[in-house]
>>> print(open('target.csv').read())   # CSV, C-alpha atoms and all ligand atoms
chain,number,residue,atom,x,y,z
A,1,MET,CA,32.5,-8.3,1.2
A,2,SER,CA,32.4,-5.4,3.6
A,3,THR,CA,29.0,-4.3,4.7
A,4,SER,CA,28.0,-0.7,4.9
A,5,ASN,CA,27.6,1.3,8.0
A,6,LEU,CA,24.0,1.9,7.1
A,7,ALA,CA,23.0,-1.8,7.3
A,8,HIS,CA,24.5,-1.9,10.7
A,9,GLU,CA,22.8,1.3,11.8
A,10,VAL,CA,19.5,-0.2,10.7
A,11,LEU,CA,20.2,-3.3,12.7
A,12,ASN,CA,21.1,-1.2,15.8
A,13,VAL,CA,17.7,0.5,15.5
A,14,LEU,CA,15.9,-2.8,15.3
A,15,GLN,CA,17.8,-4.1,18.3
A,16,LEU,CA,16.8,-1.0,20.2
A,17,VAL,CA,13.2,-0.6,19.1
A,18,VAL,CA,12.2,-4.3,18.6
A,19,GLY,CA,14.6,-6.2,20.8
A,20,GLU,CA,14.7,-9.9,20.9
A,21,LYS,CA,10.9,-10.7,20.9
A,22,ASN,CA,8.3,-10.1,18.1
A,23,LYS,CA,11.0,-10.0,15.4
A,24,ALA,CA,8.7,-11.2,12.7
A,25,LEU,CA,7.4,-8.8,10.0
A,26,HIS,CA,3.8,-9.0,11.4
A,27,GLU,CA,2.6,-11.6,13.9
A,28,PRO,CA,-0.9,-12.0,15.2
A,29,SER,CA,-1.6,-12.1,18.9
A,30,PHE,CA,-4.4,-13.9,20.6
A,31,SER,CA,-6.2,-13.1,23.8
A,32,ALA,CA,-8.3,-15.2,26.2
A,33,ASP,CA,-11.4,-13.6,24.5
A,34,ASP,CA,-10.3,-15.1,21.2
A,35,GLN,CA,-10.1,-18.5,22.7
A,36,GLN,CA,-13.4,-18.1,24.4
A,37,SER,CA,-15.1,-17.0,21.2
A,38,LEU,CA,-13.7,-20.0,19.2
A,39,LEU,CA,-14.8,-22.4,21.9
A,40,GLU,CA,-18.3,-21.0,21.9
A,41,CYS,CA,-18.5,-21.3,18.2
A,42,LEU,CA,-17.4,-25.0,18.5
A,43,LYS,CA,-20.0,-25.6,21.1
A,44,SER,CA,-22.7,-24.0,19.0
A,45,GLY,CA,-22.0,-26.7,16.3
A,46,TYR,CA,-22.2,-24.1,13.6
A,47,VAL,CA,-18.5,-24.0,12.5
A,48,SER,CA,-19.1,-23.8,8.8
A,49,THR,CA,-20.6,-21.5,6.2
A,50,VAL,CA,-24.0,-21.2,7.9
A,51,SER,CA,-23.4,-19.5,11.2
A,52,ASN,CA,-24.6,-16.6,13.4
A,53,TYR,CA,-21.0,-15.7,13.9
A,54,SER,CA,-20.7,-14.6,10.3
A,55,THR,CA,-23.7,-12.3,10.7
A,56,GLU,CA,-22.4,-11.0,14.0
A,57,PHE,CA,-19.0,-10.3,12.4
A,58,GLU,CA,-20.6,-8.4,9.6
A,59,ARG,CA,-22.5,-6.3,12.1
A,60,GLU,CA,-19.3,-5.5,13.9
A,61,ILE,CA,-17.5,-4.6,10.7
A,62,THR,CA,-20.4,-2.3,9.8
A,63,LYS,CA,-20.0,-0.5,13.2
A,64,VAL,CA,-16.2,-0.2,12.8
A,65,THR,CA,-16.2,1.1,9.2
A,66,GLY,CA,-19.6,2.8,8.9
A,67,ALA,CA,-20.2,0.9,5.6
A,68,LYS,CA,-23.9,0.4,4.9
A,69,ASN,CA,-23.6,-3.2,3.7
A,70,VAL,CA,-20.9,-5.8,4.6
A,71,VAL,CA,-20.5,-9.3,3.2
A,72,VAL,CA,-17.8,-11.5,4.8
A,73,LEU,CA,-16.0,-14.0,2.5
A,74,ILE,CA,-13.2,-16.5,2.7
A,75,ASN,CA,-10.4,-14.0,2.0
A,76,GLY,CA,-9.6,-10.6,0.7
A,77,THR,CA,-8.8,-12.0,-2.8
A,78,ALA,CA,-12.2,-13.6,-3.1
A,79,ALA,CA,-13.8,-10.4,-1.9
A,80,LEU,CA,-12.0,-8.4,-4.6
A,81,HIS,CA,-12.9,-11.0,-7.2
A,82,LEU,CA,-16.6,-10.9,-6.5
A,83,ALA,CA,-16.6,-7.1,-6.0
A,84,LEU,CA,-15.1,-6.8,-9.5
A,85,LEU,CA,-17.6,-9.2,-11.0
A,86,GLY,CA,-20.3,-7.2,-9.3
A,87,ILE,CA,-19.3,-3.9,-11.0
A,88,GLY,CA,-19.1,-5.6,-14.4
A,89,ALA,CA,-15.5,-6.5,-14.8
A,90,LYS,CA,-15.1,-9.0,-17.6
A,91,ASP,CA,-13.2,-9.7,-20.9
A,92,ASP,CA,-12.1,-6.6,-22.7
A,93,LYS,CA,-12.7,-4.2,-19.9
A,94,GLU,CA,-9.8,-2.3,-18.5
A,95,ILE,CA,-9.2,-1.4,-14.9
A,96,LEU,CA,-6.7,1.2,-13.7
A,97,VAL,CA,-4.6,-0.2,-10.9
A,98,PRO,CA,-1.2,0.6,-9.2
A,99,SER,CA,1.6,-1.7,-10.0
A,100,LEU,CA,2.9,-1.4,-6.5
A,101,SER,CA,0.6,-3.8,-4.8
A,102,PHE,CA,0.3,-7.4,-3.7
A,103,ALA,CA,-0.3,-9.8,-6.6
A,104,ALA,CA,-3.8,-10.6,-5.3
A,105,THR,CA,-5.0,-7.1,-6.4
A,106,VAL,CA,-4.3,-7.8,-10.0
A,107,ASN,CA,-4.9,-11.5,-9.9
A,108,ALA,CA,-8.5,-10.7,-8.9
A,109,ILE,CA,-8.8,-8.5,-12.0
A,110,ARG,CA,-7.5,-11.3,-14.2
A,111,TYR,CA,-9.9,-13.9,-12.7
A,112,THR,CA,-12.8,-11.9,-14.2
A,113,GLY,CA,-11.0,-11.7,-17.6
A,114,ALA,CA,-10.6,-8.0,-17.3
A,115,ILE,CA,-7.3,-6.2,-18.2
A,116,PRO,CA,-5.2,-4.4,-15.6
A,117,HIS,CA,-3.9,-1.0,-16.8
A,118,PHE,CA,-1.0,0.0,-14.5
A,119,VAL,CA,-0.8,3.4,-13.1
A,120,GLU,CA,1.9,5.4,-11.3
A,121,ILE,CA,2.3,6.2,-7.6
A,122,GLU,CA,3.6,9.1,-5.6
A,123,SER,CA,7.0,8.6,-3.9
A,124,ASP,CA,5.9,10.3,-0.7
A,125,ALA,CA,2.7,8.4,-0.1
A,126,LEU,CA,3.1,5.2,-2.2
A,127,THR,CA,-0.5,5.6,-3.4
A,128,ILE,CA,-1.8,6.6,-6.9
A,129,ASP,CA,-0.3,9.8,-8.3
A,130,VAL,CA,-3.6,11.6,-9.2
A,131,ASP,CA,-2.0,14.5,-11.1
A,132,LYS,CA,0.0,12.2,-13.3
A,133,LEU,CA,-3.0,9.9,-13.8
A,134,SER,CA,-5.3,12.8,-14.7
A,135,ASN,CA,-2.8,14.0,-17.3
A,136,TYR,CA,-2.4,10.5,-18.6
A,137,LEU,CA,-6.1,9.9,-19.0
A,138,ARG,CA,-6.5,13.2,-20.9
A,139,HIS,CA,-4.0,12.0,-23.5
A,140,THR,CA,-4.9,8.3,-23.6
A,141,MET,CA,-8.7,8.1,-23.3
A,142,ILE,CA,-11.5,9.0,-25.7
A,143,ARG,CA,-14.9,9.8,-24.3
A,144,LYS,CA,-17.7,8.1,-26.3
A,145,GLY,CA,-21.4,8.0,-25.3
A,146,GLY,CA,-20.6,8.3,-21.6
A,147,MET,CA,-17.9,5.6,-21.9
A,148,THR,CA,-14.1,6.0,-21.5
A,149,ILE,CA,-12.2,4.2,-24.2
A,150,ASN,CA,-8.5,3.6,-24.3
A,151,ARG,CA,-7.5,5.1,-27.7
A,152,PHE,CA,-4.6,2.6,-28.2
A,153,THR,CA,-6.4,-0.6,-27.3
A,154,SER,CA,-10.0,0.4,-28.1
A,155,ARG,CA,-11.1,-1.2,-24.9
A,156,GLN,CA,-13.5,0.4,-22.4
A,157,VAL,CA,-12.0,1.5,-19.1
A,158,ILE,CA,-14.6,0.9,-16.4
A,159,ALA,CA,-12.9,1.3,-13.0
A,160,LEU,CA,-10.1,2.7,-10.9
A,161,LEU,CA,-8.7,0.5,-8.2
A,162,PRO,CA,-6.8,2.4,-5.5
A,163,MET,CA,-4.9,0.5,-2.8
A,164,HIS,CA,-4.2,2.1,0.5
A,165,THR,CA,-0.6,1.0,0.7
A,166,PHE,CA,0.8,-0.3,4.0
A,167,GLY,CA,-2.2,1.3,5.7
A,168,HIS,CA,-1.9,4.9,4.3
A,169,ALA,CA,-5.0,6.3,2.7
A,170,SER,CA,-4.9,7.3,-1.0
A,171,ARG,CA,-5.9,10.8,-2.1
A,172,ILE,CA,-9.6,9.9,-2.1
A,173,ASP,CA,-11.3,13.2,-2.9
A,174,GLU,CA,-9.1,13.7,-5.9
A,175,LEU,CA,-9.6,10.1,-7.1
A,176,LEU,CA,-13.4,10.5,-6.7
A,177,ALA,CA,-13.3,13.7,-8.8
A,178,LEU,CA,-11.3,12.1,-11.5
A,179,ALA,CA,-13.5,9.0,-11.5
A,180,GLU,CA,-16.5,11.1,-11.9
A,181,GLU,CA,-15.0,13.1,-14.8
A,182,PHE,CA,-14.1,9.9,-16.6
A,183,ASN,CA,-17.2,7.9,-15.6
A,184,LEU,CA,-15.2,5.3,-13.8
A,185,GLN,CA,-16.3,3.2,-10.8
A,186,ILE,CA,-14.0,3.1,-7.8
A,187,VAL,CA,-13.1,-0.2,-6.2
A,188,GLU,CA,-11.0,0.3,-3.1
A,189,ASP,CA,-8.5,-2.3,-2.0
A,190,ALA,CA,-8.5,-1.6,1.7
A,191,ALA,CA,-7.0,-5.0,2.6
A,192,GLU,CA,-4.2,-3.3,4.5
A,193,SER,CA,-6.1,-0.3,5.9
A,194,LEU,CA,-8.6,-1.6,8.5
A,195,GLY,CA,-8.7,1.2,11.0
A,196,THR,CA,-7.3,3.8,8.6
A,197,LEU,CA,-9.4,6.9,8.1
A,198,TYR,CA,-9.4,9.4,5.3
A,199,LYS,CA,-10.5,12.8,6.6
A,200,GLY,CA,-12.3,11.0,9.5
A,201,LYS,CA,-14.1,8.4,7.4
A,202,HIS,CA,-13.1,4.8,7.1
A,203,THR,CA,-11.1,3.7,4.0
A,204,GLY,CA,-13.0,1.2,1.8
A,205,THR,CA,-16.3,3.1,2.1
A,206,PHE,CA,-15.7,5.8,-0.5
A,207,GLY,CA,-15.9,3.9,-3.8
A,208,ARG,CA,-18.8,2.0,-5.3
A,209,VAL,CA,-17.3,-1.0,-3.5
A,210,GLY,CA,-14.3,-1.7,-1.2
A,211,ILE,CA,-12.7,-4.8,0.3
A,212,LEU,CA,-10.9,-5.8,3.5
A,213,SER,CA,-8.7,-8.7,4.4
A,214,PHE,CA,-8.4,-10.7,7.7
A,215,ASN,CA,-5.4,-12.8,6.7
A,216,GLY,CA,-3.0,-13.9,9.4
A,217,ASN,CA,-0.6,-11.0,8.7
A,218,LYS,CA,-3.2,-8.2,8.7
A,219,ILE,CA,-4.0,-5.9,11.7
A,220,VAL,CA,-7.0,-8.0,12.6
A,221,THR,CA,-7.1,-11.7,11.6
A,222,ALA,CA,-9.9,-14.2,11.3
A,223,GLY,CA,-7.3,-16.9,10.5
A,224,GLY,CA,-8.4,-16.0,6.9
A,225,GLY,CA,-11.2,-13.9,5.7
A,226,GLY,CA,-12.3,-10.9,3.8
A,227,ALA,CA,-15.2,-8.5,3.5
A,228,VAL,CA,-16.9,-6.5,0.8
A,229,LEU,CA,-18.2,-3.1,1.8
A,230,SER,CA,-20.7,-1.1,-0.2
A,231,GLU,CA,-23.4,1.5,0.0
A,232,ASP,CA,-25.2,-0.2,-2.8
A,233,ASP,CA,-27.8,-2.6,-1.5
A,234,ASP,CA,-28.3,-4.4,-4.9
A,235,LEU,CA,-24.6,-4.8,-5.5
A,236,SER,CA,-24.1,-6.2,-2.0
A,237,ALA,CA,-27.0,-8.6,-2.4
A,238,LEU,CA,-25.6,-9.8,-5.7
A,239,ILE,CA,-22.2,-10.4,-4.2
A,240,ARG,CA,-23.7,-12.3,-1.3
A,241,HIS,CA,-25.8,-14.4,-3.7
A,242,ILE,CA,-22.9,-15.4,-6.0
A,243,SER,CA,-20.7,-16.1,-2.9
A,244,ARG,CA,-23.1,-18.9,-2.0
A,245,THR,CA,-23.4,-20.8,-5.3
A,246,ALA,CA,-26.1,-18.4,-6.5
A,247,LYS,CA,-28.7,-20.8,-5.0
A,248,VAL,CA,-32.2,-19.3,-5.0
A,249,GLN,CA,-33.6,-19.6,-1.5
A,250,HIS,CA,-36.2,-22.4,-1.3
A,251,ALA,CA,-37.2,-24.9,1.3
A,252,TRP,CA,-35.9,-27.9,-0.8
A,253,GLU,CA,-35.1,-27.0,-4.4
A,254,TYR,CA,-31.5,-26.6,-5.6
A,255,PHE,CA,-32.0,-24.0,-8.2
A,256,HIS,CA,-29.0,-21.8,-9.1
A,257,ASP,CA,-29.7,-18.9,-11.3
A,258,GLN,CA,-26.2,-18.2,-12.5
A,259,LEU,CA,-22.6,-19.3,-12.1
A,260,GLY,CA,-21.8,-19.1,-8.4
A,261,TYR,CA,-18.9,-19.5,-6.0
A,262,ASN,CA,-18.3,-21.1,-2.6
A,263,PHE,CA,-16.7,-18.1,-0.9
A,264,ARG,CA,-18.7,-17.7,2.3
A,265,LEU,CA,-16.7,-17.2,5.5
A,266,PRO,CA,-16.9,-20.2,7.9
A,267,GLY,CA,-18.3,-19.6,11.4
A,268,LEU,CA,-15.0,-20.6,13.0
A,269,ASN,CA,-13.2,-17.8,11.2
A,270,ALA,CA,-15.9,-15.3,11.9
A,271,ALA,CA,-15.8,-16.2,15.6
A,272,LEU,CA,-12.1,-15.3,15.7
A,273,GLY,CA,-12.6,-12.2,13.6
A,274,LEU,CA,-15.4,-11.0,15.9
A,275,SER,CA,-13.3,-11.1,19.0
A,276,GLN,CA,-10.1,-9.8,17.3
A,277,ILE,CA,-11.9,-6.8,15.8
A,278,SER,CA,-13.0,-5.6,19.3
A,279,ASP,CA,-9.3,-4.8,19.9
A,280,LEU,CA,-8.8,-2.9,16.7
A,281,ASN,CA,-8.5,0.6,18.2
A,282,ASN,CA,-5.9,-0.5,20.7
A,283,LYS,CA,-3.9,-2.2,17.9
A,284,VAL,CA,-4.0,1.0,15.8
A,285,LEU,CA,-2.8,3.1,18.7
A,286,LEU,CA,0.1,0.6,19.4
A,287,LYS,CA,1.1,0.7,15.8
A,288,ARG,CA,1.0,4.4,15.7
A,289,HIS,CA,3.2,4.5,18.8
A,290,LEU,CA,5.6,2.0,17.1
A,291,TYR,CA,5.8,4.4,14.2
A,292,SER,CA,6.9,7.2,16.6
A,293,LYS,CA,9.6,5.0,18.1
A,294,TYR,CA,11.0,4.1,14.7
A,295,ASP,CA,10.8,7.7,13.5
A,296,GLU,CA,12.7,8.9,16.5
A,297,ALA,CA,15.3,6.2,16.2
A,298,PHE,CA,15.9,6.7,12.5
A,299,ALA,CA,15.9,10.6,12.7
A,300,SER,CA,19.6,10.8,13.2
A,301,ILE,CA,20.5,8.2,10.6
A,302,ARG,CA,21.4,9.7,7.2
A,303,GLY,CA,20.2,8.1,4.0
A,304,VAL,CA,16.9,6.7,5.2
A,305,LYS,CA,13.5,7.9,6.3
A,306,ILE,CA,10.5,6.2,8.0
A,307,LEU,CA,7.3,6.7,5.9
A,308,LYS,CA,4.9,9.0,7.6
A,309,GLU,CA,1.2,9.2,7.1
A,310,PRO,CA,0.0,11.9,4.7
A,311,GLN,CA,-1.8,14.7,6.5
A,312,TYR,CA,-5.2,13.6,5.1
A,313,SER,CA,-4.7,10.1,6.5
A,314,TYR,CA,-5.1,8.7,10.0
A,315,SER,CA,-3.2,5.6,9.3
A,316,ASN,CA,-3.1,2.2,11.0
A,317,TYR,CA,0.6,1.9,10.0
A,318,TRP,CA,0.0,-1.7,9.1
A,319,LEU,CA,3.6,-2.2,7.9
A,320,GLN,CA,6.3,0.3,9.0
A,321,THR,CA,8.2,1.3,6.0
A,322,LEU,CA,11.8,2.4,5.7
A,323,VAL,CA,12.6,4.4,2.5
A,324,LEU,CA,16.2,4.8,1.2
A,325,ASP,CA,16.9,8.3,0.0
A,326,LYS,CA,18.3,6.9,-3.2
A,327,ALA,CA,17.5,3.9,-5.3
A,328,ASP,CA,20.3,1.4,-4.5
A,329,LEU,CA,19.4,-2.2,-4.9
A,330,ASN,CA,22.7,-3.4,-3.5
A,331,LEU,CA,22.3,-1.3,-0.4
A,332,ARG,CA,18.7,-2.4,0.0
A,333,ASN,CA,19.7,-6.1,-0.3
A,334,GLU,CA,22.5,-5.6,2.1
A,335,ILE,CA,20.2,-4.1,4.8
A,336,LEU,CA,17.8,-7.0,4.2
A,337,ALA,CA,20.6,-9.6,4.5
A,338,VAL,CA,22.3,-8.1,7.6
A,339,CYS,CA,19.0,-7.8,9.5
A,340,THR,CA,17.4,-11.0,8.3
A,341,ASN,CA,20.5,-12.8,9.3
A,342,GLU,CA,19.9,-11.6,12.9
A,343,GLY,CA,16.3,-12.9,12.7
A,344,TYR,CA,14.4,-9.7,11.9
A,345,GLY,CA,11.5,-10.1,9.6
A,346,LEU,CA,12.2,-7.5,6.9
A,347,ARG,CA,11.1,-7.6,3.4
A,348,PRO,CA,11.3,-5.5,0.3
A,349,ALA,CA,8.3,-4.0,-1.6
A,350,TRP,CA,6.5,-6.4,-3.9
A,351,TYR,CA,8.2,-6.9,-7.2
A,352,PRO,CA,6.6,-4.4,-9.6
A,353,LEU,CA,3.5,-6.3,-10.9
A,354,HIS,CA,3.8,-4.8,-14.4
A,355,LYS,CA,7.2,-6.6,-14.7
A,356,LEU,CA,5.9,-10.1,-13.7
A,357,PRO,CA,5.9,-12.6,-16.6
A,358,TYR,CA,2.2,-13.1,-16.6
A,359,LEU,CA,1.3,-9.4,-16.4
A,360,ASN,CA,4.0,-7.6,-18.4
A,361,GLN,CA,2.0,-7.5,-21.7
A,362,PHE,CA,-0.8,-5.3,-20.2
A,363,PRO,CA,-1.1,-1.5,-20.8
A,364,SER,CA,0.8,0.8,-18.4
A,365,MET,CA,1.7,4.4,-17.8
A,366,ASN,CA,5.3,5.4,-17.4
A,367,LEU,CA,6.2,3.8,-14.0
A,368,GLU,CA,9.6,5.2,-13.2
A,369,VAL,CA,8.6,6.2,-9.7
A,370,THR,CA,7.2,2.7,-9.0
A,371,GLU,CA,10.4,1.1,-10.4
A,372,ASN,CA,12.6,3.5,-8.5
A,373,LEU,CA,10.8,2.8,-5.2
A,374,TYR,CA,11.2,-0.9,-5.7
A,375,SER,CA,14.9,-0.5,-4.8
A,376,ARG,CA,14.2,1.9,-1.9
A,377,ILE,CA,11.5,0.3,0.2
A,378,ILE,CA,12.0,-2.0,3.2
A,379,ASN,CA,9.2,-3.0,5.5
A,380,LEU,CA,10.2,-3.4,9.1
A,381,PRO,CA,8.9,-5.6,12.0
A,382,SER,CA,5.4,-4.1,12.6
A,383,SER,CA,3.6,-6.3,15.2
A,384,PRO,CA,1.6,-4.1,17.6
A,385,GLN,CA,2.9,-6.2,20.5
A,386,ILE,CA,6.4,-4.8,19.9
A,387,VAL,CA,5.3,-1.8,22.0
A,388,SER,CA,2.7,-3.3,24.2
A,401,LIG,C1,-3.6,-9.1,1.9
A,401,LIG,C2,-4.0,-8.4,0.6
A,401,LIG,C3,-4.9,-8.8,-0.3
A,401,LIG,C4,-5.5,-10.2,-0.2
A,401,LIG,O1,-6.1,-10.6,1.0
A,401,LIG,P1,-6.2,-12.2,1.3
A,401,LIG,O2,-7.1,-12.1,2.5
A,401,LIG,O3,-4.8,-12.6,1.7
A,401,LIG,O4,-6.7,-12.9,0.2
A,401,LIG,C5,-5.3,-8.1,-1.3
A,401,LIG,N1,-4.7,-6.9,-1.6
A,401,LIG,C6,-3.7,-6.4,-0.8
A,401,LIG,C7,-3.1,-5.1,-1.1
A,401,LIG,C8,-3.3,-7.1,0.4
A,401,LIG,O5,-2.3,-6.7,1.1
>>> encode(input="target.csv", output="structure tokens")
Amino acid sequence: MSTSNLAHEVLNVLQLVVGEKNKALHEPSFSADDQQSLLECLKSGYVSTVSNYSTEFEREITKVTGAKNVVVLINGTAALHLALLGIGAKDDKEILVPSLSFAATVNAIRYTGAIPHFVEIESDALTIDVDKLSNYLRHTMIRKGGMTINRFTSRQVIALLPMHTFGHASRIDELLALAEEFNLQIVEDAAESLGTLYKGKHTGTFGRVGILSFNGNKIVTAGGGGAVLSEDDDLSALIRHISRTAKVQHAWEYFHDQLGYNFRLPGLNAALGLSQISDLNNKVLLKRHLYSKYDEAFASIRGVKILKEPQYSYSNYWLQTLVLDKADLNLRNEILAVCTNEGYGLRPAWYPLHKLPYLNQFPSMNLEVTENLYSRIINLPSSPQIVS
């Protein structure tokens, strides 16, 4: 089989921009401060779920994001799970969610028993297409006593769950207006967008509730971890409560007032997250610089484009994204094969969630853009240390 020019041109760019080090898709990097922080946590003896480091980490996240309340948890998926329980997600409630996302987004909906209802994205921004969604809701929903009911399933639609794809903010103002009109709560999956601002304000702080992730491949890692952000004191308190087995505080009694979870972030993870997050701004700048380098290098190559932040987004460029001009699965796979073979950590977009065997029976808009983009997107090596 002869390989196309384009695959080799992409490889040339990677050799030029990335070189021989930091070839992975996204690698964490650790400083002497990180080691120090972990060591101090060990010495404190409080390495587990009761630790000042968790409180300190929450305070730092509050500073960085401007969120009123922050609860740190074991990972982003658990954060989304509890955020959804907190807003009343349960059996027979529907939640509008893009199909282009990591499986965890929709898994968290399913953990609560609620039903994902898949919505379309824009091809330029990879986030929810608000015009199409607005039009769709007008034709698909009935308003009844302040509730929004899906006329085809008779289920109530309670929330809209935007995801800030690869670190680019969704059209938040338009989503908020639509959510208000249809009486929907907004739950932001900001797992990928720590450091990303929408019109100057941090993503994850616009909806009723938002979540972050500190997984090893995210811009800031705690080894594993997540956070729930909310302006709502009661909602935050509820999420904190159920994350620690719903035990009612008492000097000796083990009284649990509802079904709870063991989702608190251990101190060791918080200690790492705390020192890592102090370097966030620097990492965002490096990743934005990496974007410029890729953009420049790909400018002269026909048939592909590097995804640029929309003008309302100050993006963290969590994952750099190459988009083929035309849907061509063979070409996409060839680029992946040629570059992967040389050790570069490329990957395609997630398989469209609405086509996965355990999710394909759930309601959905027409998702032709999502399906088309699946054969056009390739994420490129994106570690900040590539340009440091
Ligand atoms: C990483 C990620 C999550 C889950 O975070 P974990 O900390 O890995 O559980 C959820 N949603 C999206 C979009 C993500 O990228």
>>> residues_near_ligand(input="target.csv", ligand="ligand LIG 401 (chain A)", cutoff="9 Å", atoms="all atoms listed in the file", output="mmCIF file with C-alpha atoms, in the coordinates of the input")
data_model
loop_
_atom_site.group_PDB
_atom_site.id
_atom_site.type_symbol
_atom_site.label_atom_id
_atom_site.label_comp_id
_atom_site.auth_asym_id
_atom_site.auth_seq_id
_atom_site.Cartn_x
_atom_site.Cartn_y
_atom_site.Cartn_z
ATOM 1 C CA ILE A 74 -13.200 -16.500 2.700
ATOM 2 C CA ASN A 75 -10.400 -14.000 2.000
ATOM 3 C CA GLY A 76 -9.600 -10.600 0.700
ATOM 4 C CA THR A 77 -8.800 -12.000 -2.800
ATOM 5 C CA ALA A 78 -12.200 -13.600 -3.100
ATOM 6 C CA ALA A 79 -13.800 -10.400 -1.900
ATOM 7 C CA LEU A 80 -12.000 -8.400 -4.600
ATOM 8 C CA LEU A 100 2.900 -1.400 -6.500
ATOM 9 C CA SER A 101 0.600 -3.800 -4.800
ATOM 10 C CA PHE A 102 0.300 -7.400 -3.700
ATOM 11 C CA ALA A 103 -0.300 -9.800 -6.600
ATOM 12 C CA ALA A 104 -3.800 -10.600 -5.300
ATOM 13 C CA THR A 105 -5.000 -7.100 -6.400
ATOM 14 C CA VAL A 106 -4.300 -7.800 -10.000
ATOM 15 C CA ALA A 108 -8.500 -10.700 -8.900
ATOM 16 C CA MET A 163 -4.900 0.500 -2.800
ATOM 17 C CA HIS A 164 -4.200 2.100 0.500
ATOM 18 C CA THR A 165 -0.600 1.000 0.700
ATOM 19 C CA PHE A 166 0.800 -0.300 4.000
ATOM 20 C CA ASP A 189 -8.500 -2.300 -2.000
ATOM 21 C CA ALA A 190 -8.500 -1.600 1.700
ATOM 22 C CA ALA A 191 -7.000 -5.000 2.600
ATOM 23 C CA GLU A 192 -4.200 -3.300 4.500
ATOM 24 C CA SER A 193 -6.100 -0.300 5.900
ATOM 25 C CA ILE A 211 -12.700 -4.800 0.300
ATOM 26 C CA LEU A 212 -10.900 -5.800 3.500
ATOM 27 C CA SER A 213 -8.700 -8.700 4.400
ATOM 28 C CA PHE A 214 -8.400 -10.700 7.700
ATOM 29 C CA ASN A 215 -5.400 -12.800 6.700
ATOM 30 C CA GLY A 216 -3.000 -13.900 9.400
ATOM 31 C CA ASN A 217 -0.600 -11.000 8.700
ATOM 32 C CA LYS A 218 -3.200 -8.200 8.700
ATOM 33 C CA GLY A 224 -8.400 -16.000 6.900
ATOM 34 C CA GLY A 225 -11.200 -13.900 5.700
ATOM 35 C CA GLY A 226 -12.300 -10.900 3.800
ATOM 36 C CA ALA A 227 -15.200 -8.500 3.500
#
>>> residues_around(input="target.csv", residues="region 9-22 of chain A", least_positions_apart="3", cutoff="6 Å", atoms="only C-alpha atoms", output="ChimeraX atom specification")
/A:6,339,386
>>> closest_residue(input="target.csv", among="A:Cys41, A:His26, A:Thr62, A:Ala271", to="Lys287 (chain A)", atoms="all atoms listed in the file")
A:His26
>>> residues_around(input="target.csv", residues="region 130-141 of chain A", least_positions_apart="2", cutoff="9 Å", atoms="all atoms listed in the file", output="short mmCIF file (atom, residue, chain, number, x, y, z; two decimals) with C-alpha atoms, in the frame of the given file")
data_model
loop_
_atom_site.label_atom_id
_atom_site.label_comp_id
_atom_site.auth_asym_id
_atom_site.auth_seq_id
_atom_site.Cartn_x
_atom_site.Cartn_y
_atom_site.Cartn_z
CA VAL A 119 -0.80 3.40 -13.10
CA GLU A 120 1.90 5.40 -11.30
CA ILE A 121 2.30 6.20 -7.60
CA GLU A 122 3.60 9.10 -5.60
CA THR A 127 -0.50 5.60 -3.40
CA ILE A 128 -1.80 6.60 -6.90
CA ARG A 143 -14.90 9.80 -24.30
CA THR A 148 -14.10 6.00 -21.50
CA ILE A 149 -12.20 4.20 -24.20
CA ASN A 150 -8.50 3.60 -24.30
CA ARG A 151 -7.50 5.10 -27.70
CA PHE A 152 -4.60 2.60 -28.20
CA VAL A 157 -12.00 1.50 -19.10
CA ARG A 171 -5.90 10.80 -2.10
CA GLU A 174 -9.10 13.70 -5.90
CA LEU A 175 -9.60 10.10 -7.10
CA LEU A 178 -11.30 12.10 -11.50
CA PHE A 182 -14.10 9.90 -16.60
CA MET A 365 1.70 4.40 -17.80
#
>>> residues_around(input="target.csv", residues="Phe362 (chain A)", least_positions_apart="5", cutoff="9 Å", atoms="only C-alpha atoms", output="VMD selection string")
chain A and resid 115 to 118 354
>>> write_last_selection(input="target.csv", atoms="C-alpha atoms", output="PDB file, in the frame of the given file")
ATOM      1  CA  ILE A 115      -7.300  -6.200 -18.200  1.00  0.00           C
ATOM      2  CA  PRO A 116      -5.200  -4.400 -15.600  1.00  0.00           C
ATOM      3  CA  HIS A 117      -3.900  -1.000 -16.800  1.00  0.00           C
ATOM      4  CA  PHE A 118      -1.000   0.000 -14.500  1.00  0.00           C
ATOM      5  CA  HIS A 354       3.800  -4.800 -14.400  1.00  0.00           C
TER       6      HIS A 354
END
>>> atom_distance(input="target.csv", atom1="CA of Gly86 (chain A)", atom2="CA of Leu280 (chain A)")
28.8 Å
>>> atom_distance(input="target.csv", atom1="CA of Lys63 (chain A)", atom2="CA of Glu188 (chain A)")
18.6 Å
>>> atom_distance(input="target.csv", atom1="CA of Leu176 (chain A)", atom2="CA of Ile158 (chain A)")
13.7 Å
>>> closest_residue(input="target.csv", among="A:Gln385, A:Thr340, A:Ser315, A:Asn269", to="Leu38 (chain A)", atoms="all atoms listed in the file")
A:Asn269
>>> closest_residue(input="target.csv", among="A:Ser383, A:Ser123, A:Ser54, A:Thr203", to="Val71 (chain A)", atoms="all atoms listed in the file")
A:Ser54
>>> closest_atom_pairs(input="target.csv", of="region 189-280 of chain A", to="region 306-314 of chain A", cutoff="7 Å", atoms="all atoms listed in the file", output="CSV")
residue,atom,partner,partner_atom,distance
A:Thr196,CA,A:Tyr314,CA,5.6
A:Leu197,CA,A:Tyr314,CA,5.0
A:Tyr198,CA,A:Ser313,CA,4.9
A:Lys199,CA,A:Tyr312,CA,5.6
